[in-house]
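Peer 1: If it helps, the file is called upload36.txt and holds compact mmCIF, C-alpha atoms:
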# COMPACT_ATOMS: atom_id res chain seq x y z
CA MET A 1 -100.56 5.88 -4.80
CA ARG A 2 -99.45 5.81 -1.22
CA SER A 3 -99.80 2.01 -1.03
CA ILE A 4 -97.63 1.62 -4.18
CA LEU A 5 -94.91 3.73 -2.55
CA ILE A 6 -95.04 1.64 0.65
CA LEU A 7 -94.92 -1.61 -1.34
CA THR A 8 -91.94 -0.31 -3.35
CA ILE A 9 -90.05 0.61 -0.16
CA LEU A 10 -90.82 -2.80 1.37
CA ALA A 11 -89.69 -4.59 -1.81
CA VAL A 12 -86.41 -2.65 -1.93
CA SER A 13 -85.83 -3.36 1.76
CA ALA A 14 -86.46 -7.06 1.30
CA VAL A 15 -84.10 -7.28 -1.68
CA SER A 16 -81.27 -5.49 0.19
CA CYS A 17 -81.44 -8.04 3.03
CA ASN A 18 -79.07 -10.84 2.03
CA PRO A 19 -79.50 -13.98 4.18
CA PHE A 20 -76.18 -15.31 2.84
CA ALA A 21 -74.26 -12.33 4.19
CA PRO A 22 -75.24 -12.01 7.85
CA SER A 23 -74.05 -9.07 9.87
CA LEU A 24 -70.75 -9.19 11.75
CA ASP A 25 -70.94 -10.51 15.32
CA ASN A 26 -69.14 -7.93 17.47
CA SER A 27 -69.87 -9.61 20.79
CA TYR A 28 -66.83 -10.65 22.82
CA ASP A 29 -66.52 -14.20 24.09
CA GLU A 30 -63.58 -14.64 26.46
CA ASP A 31 -63.57 -18.41 25.90
CA SER A 32 -63.02 -18.05 22.16
CA SER A 33 -59.73 -16.16 22.44
CA LEU A 34 -56.77 -17.79 20.73
CA LEU A 35 -54.46 -16.62 23.52
CA GLY A 36 -54.65 -18.13 26.97
CA ASP A 37 -54.55 -16.43 30.34
CA GLN A 38 -50.96 -16.80 31.49
CA ARG A 39 -52.11 -16.75 35.12
CA SER A 40 -53.13 -20.39 34.57
CA VAL A 41 -50.76 -23.20 33.65
CA GLU A 42 -53.07 -24.27 30.82
CA GLY A 43 -52.99 -20.68 29.51
CA VAL A 44 -49.19 -20.91 29.21
CA PHE A 45 -49.50 -24.11 27.16
CA GLN A 46 -52.22 -22.52 25.02
CA ASN A 47 -49.91 -19.55 24.32
CA LEU A 48 -47.02 -21.88 23.42
CA LYS A 49 -49.30 -23.60 20.90
CA TYR A 50 -50.43 -20.22 19.54
CA ALA A 51 -46.84 -19.02 19.18
CA TYR A 52 -45.85 -22.15 17.25
CA THR A 53 -48.99 -22.20 15.09
CA PHE A 54 -48.67 -18.55 14.07
CA ARG A 55 -44.85 -18.46 14.38
CA ASP A 56 -45.18 -15.47 16.70
CA THR A 57 -41.98 -14.62 18.58
CA SER A 58 -43.63 -11.71 20.42
CA VAL A 59 -46.07 -14.07 22.17
CA TYR A 60 -43.35 -16.70 22.58
CA GLY A 61 -40.94 -14.26 24.23
CA GLN A 62 -43.53 -13.18 26.83
CA LEU A 63 -43.61 -16.72 28.22
CA PHE A 64 -39.98 -16.87 29.35
CA ASP A 65 -38.29 -15.42 32.41
CA GLY A 66 -35.01 -13.53 31.89
CA ASN A 67 -33.17 -16.33 33.73
CA PHE A 68 -34.67 -19.07 31.54
CA THR A 69 -32.62 -22.22 30.83
CA PHE A 70 -33.29 -24.78 28.08
CA LEU A 71 -31.77 -28.28 28.40
CA TYR A 72 -31.61 -31.33 26.14
CA GLN A 73 -29.50 -34.46 25.62
CA ASP A 74 -27.50 -34.34 22.38
CA TYR A 75 -27.24 -38.01 21.44
CA ASP A 76 -25.30 -37.16 18.25
CA ARG A 77 -22.51 -35.90 20.52
CA GLY A 78 -22.42 -38.83 22.92
CA GLY A 79 -25.48 -37.90 24.98
CA ILE A 80 -24.03 -34.73 26.51
CA LEU A 81 -26.40 -32.33 28.21
CA VAL A 82 -26.68 -29.08 26.23
CA THR A 83 -28.02 -25.91 27.84
CA TRP A 84 -28.71 -22.36 26.73
CA GLY A 85 -30.41 -19.25 28.04
CA ARG A 86 -33.30 -17.05 26.98
CA ASP A 87 -31.39 -15.08 24.31
CA GLU A 88 -30.27 -18.22 22.47
CA GLU A 89 -33.75 -19.73 22.89
CA MET A 90 -35.27 -16.69 21.18
CA ARG A 91 -32.67 -16.74 18.35
CA THR A 92 -33.13 -20.48 17.79
CA THR A 93 -36.92 -20.30 17.83
CA ASN A 94 -36.98 -17.25 15.58
CA GLY A 95 -34.80 -19.16 13.09
CA LEU A 96 -37.22 -22.09 13.23
CA PHE A 97 -40.25 -19.82 12.78
CA GLN A 98 -38.62 -18.07 9.79
CA ASN A 99 -37.53 -21.25 7.97
CA VAL A 100 -40.63 -23.44 8.03
CA GLN A 101 -43.93 -23.38 6.21
CA ARG A 102 -45.90 -24.75 9.12
CA LEU A 103 -45.63 -25.93 12.73
CA ASP A 104 -48.23 -28.14 14.37
CA LEU A 105 -47.87 -28.53 18.13
CA ILE A 106 -50.18 -30.84 20.02
CA TRP A 107 -49.94 -30.99 23.80
CA LYS A 108 -50.82 -34.36 25.29
CA ASP A 109 -51.83 -35.28 28.81
CA THR A 110 -49.78 -34.12 31.74
CA SER A 111 -47.79 -37.01 33.19
CA SER A 112 -46.78 -35.33 36.46
CA THR A 113 -47.25 -32.06 38.25
CA PHE A 114 -45.76 -30.47 41.33
CA THR A 115 -46.95 -27.12 42.68
CA ASN A 116 -45.83 -25.62 45.97
CA GLU A 117 -48.34 -24.57 48.63
CA GLU A 118 -48.06 -20.86 47.78
CA LYS A 119 -48.85 -21.65 44.12
CA THR A 120 -45.79 -19.68 43.01
CA GLN A 121 -43.72 -22.58 41.64
CA THR A 122 -44.77 -25.51 39.49
CA ILE A 123 -43.13 -28.26 37.47
CA ILE A 124 -45.12 -29.92 34.69
CA ALA A 125 -44.11 -32.95 32.63
CA ARG A 126 -46.23 -33.02 29.52
CA GLY A 127 -46.17 -35.03 26.33
CA PHE A 128 -46.19 -33.35 22.94
CA ASP A 129 -46.21 -34.03 19.21
CA LEU A 130 -44.58 -31.47 16.94
CA THR A 131 -44.78 -31.63 13.16
CA ILE A 132 -42.35 -29.32 11.36
CA THR A 133 -43.20 -28.77 7.69
CA PHE A 134 -40.34 -27.26 5.71
CA ASN A 135 -42.20 -27.97 2.46
CA PRO A 136 -44.85 -30.53 1.46
CA SER A 137 -42.25 -33.24 0.83
CA ASP A 138 -40.03 -32.44 3.84
CA LYS A 139 -41.67 -32.96 7.22
CA VAL A 140 -40.09 -33.81 10.57
CA PHE A 141 -42.09 -35.45 13.36
CA ILE A 142 -40.94 -35.01 16.94
CA ASN A 143 -42.62 -36.42 20.00
CA GLY A 144 -41.64 -36.69 23.59
CA TYR A 145 -41.95 -34.89 26.88
CA ALA A 146 -41.25 -31.38 28.01
CA ARG A 147 -40.44 -30.96 31.70
CA ILE A 148 -41.26 -27.30 32.29
CA SER A 149 -40.63 -25.34 35.50
CA MET A 150 -42.57 -22.11 36.02
CA GLU A 151 -42.55 -19.42 38.67
CA ARG A 152 -44.45 -16.29 39.60
CA ARG A 153 -44.09 -13.82 42.46
CA LYS A 154 -47.70 -14.00 43.70
CA SER A 155 -50.46 -16.49 42.98
CA GLU A 156 -52.36 -13.90 40.89
CA ASP A 157 -49.33 -13.05 38.67
CA PRO A 158 -48.71 -14.68 35.28
CA TRP A 159 -46.57 -17.84 35.15
CA MET A 160 -43.13 -17.45 33.58
CA ILE A 161 -41.17 -20.41 32.25
CA ILE A 162 -37.79 -20.60 33.99
CA ARG A 163 -36.60 -24.02 32.82
CA TRP A 164 -37.50 -26.34 29.96
CA ARG A 165 -35.94 -29.75 29.73
CA ASP A 166 -36.71 -31.34 26.38
CA GLU A 167 -37.03 -35.12 26.52
CA SER A 168 -38.03 -35.70 22.89
CA ASN A 169 -37.00 -38.43 20.48
CA PHE A 170 -35.17 -36.05 18.15
Translate the structure described by the file into structure tokens.
Peer 2:
Amino acid sequence: MRSILILTILAVSAVSCNPFAPSLDNSYDEDSSLLGDQRSVEGVFQNLKYAYTFRDTSVYGQLFDGNFTFLYQDYDRGGILVTWGRDEEMRTTNGLFQNVQRLDLIWKDTSSTFTNEEKTQTIIARGFDLTITFNPSDKVFINGYARISMERRKSEDPWMIIRWRDESNF
């Protein structure tokens, strides 16, 4: 009788173990985080990609210094240089994030880099491809270079973008 009870318990235990539904992995792997460490230049670029992919203005806004300036050539208006500050950058980007179905940002190789000796200022020129999907039949492809200047007070502080000059084909 006792052996029947033990066999019944073992059978029920075996049936309740589903190999197609493994347990949840609660271990933390720092390398698998979607957000980058903003104390590294690559972490800033990773966070820009995250913000575009998930259309997240809270992450996007944390990347820019209060004195941020955006610049681009407006070839539709005779090639004049257009600039705006952080507030307009946030409004413009929020409008983009709200009015598209999808954004795909791919950062390419860095074409040039300058970093001062104290590692508190850097300028990066980096290629990018951006696909803006308004709907499946309306996509815009932009590629070019972003010349991004970043600063931080101390070498262990996070980088903040202070200037972004867009040199895209759009």
Peer 1: Just the number, please: distance in Å from atom CA of A:Ser155 to atom CA of A:Arg39, one decimal.
Peer 2: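 So the answer is 8.0 Å.
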Peer 1: Smallest atom-to-atom distance to A:Glu42: which of A:Phe68, A:Leu81, A:Asp109, A:Phe54, using all atoms listed in the file?
Peer 2: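 Result for the nearest residue to A:Glu42: A:Asp109.
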Peer 1: Could you please determine the separation between atom CA of A:Ile124 and atom CA of A:Ile148 in Å, to one decimal place?
Peer 2: 5.2 Å
Peer 1: Between A:Asn135, A:Thr120, A:Ser33, A:Asn143, which has the minimum distance to A:Gln46 (counting only C-alpha atoms)?
Peer 2: A:Ser33
Peer 1: Taking all atoms listed in the file into account, which of A:Asn67, A:Asn99, A:Ile142, A:Gln121 comes nearest A:Asp87?
Peer 2: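 Of all the options, A:Asn67 lies closest to A:Asp87.
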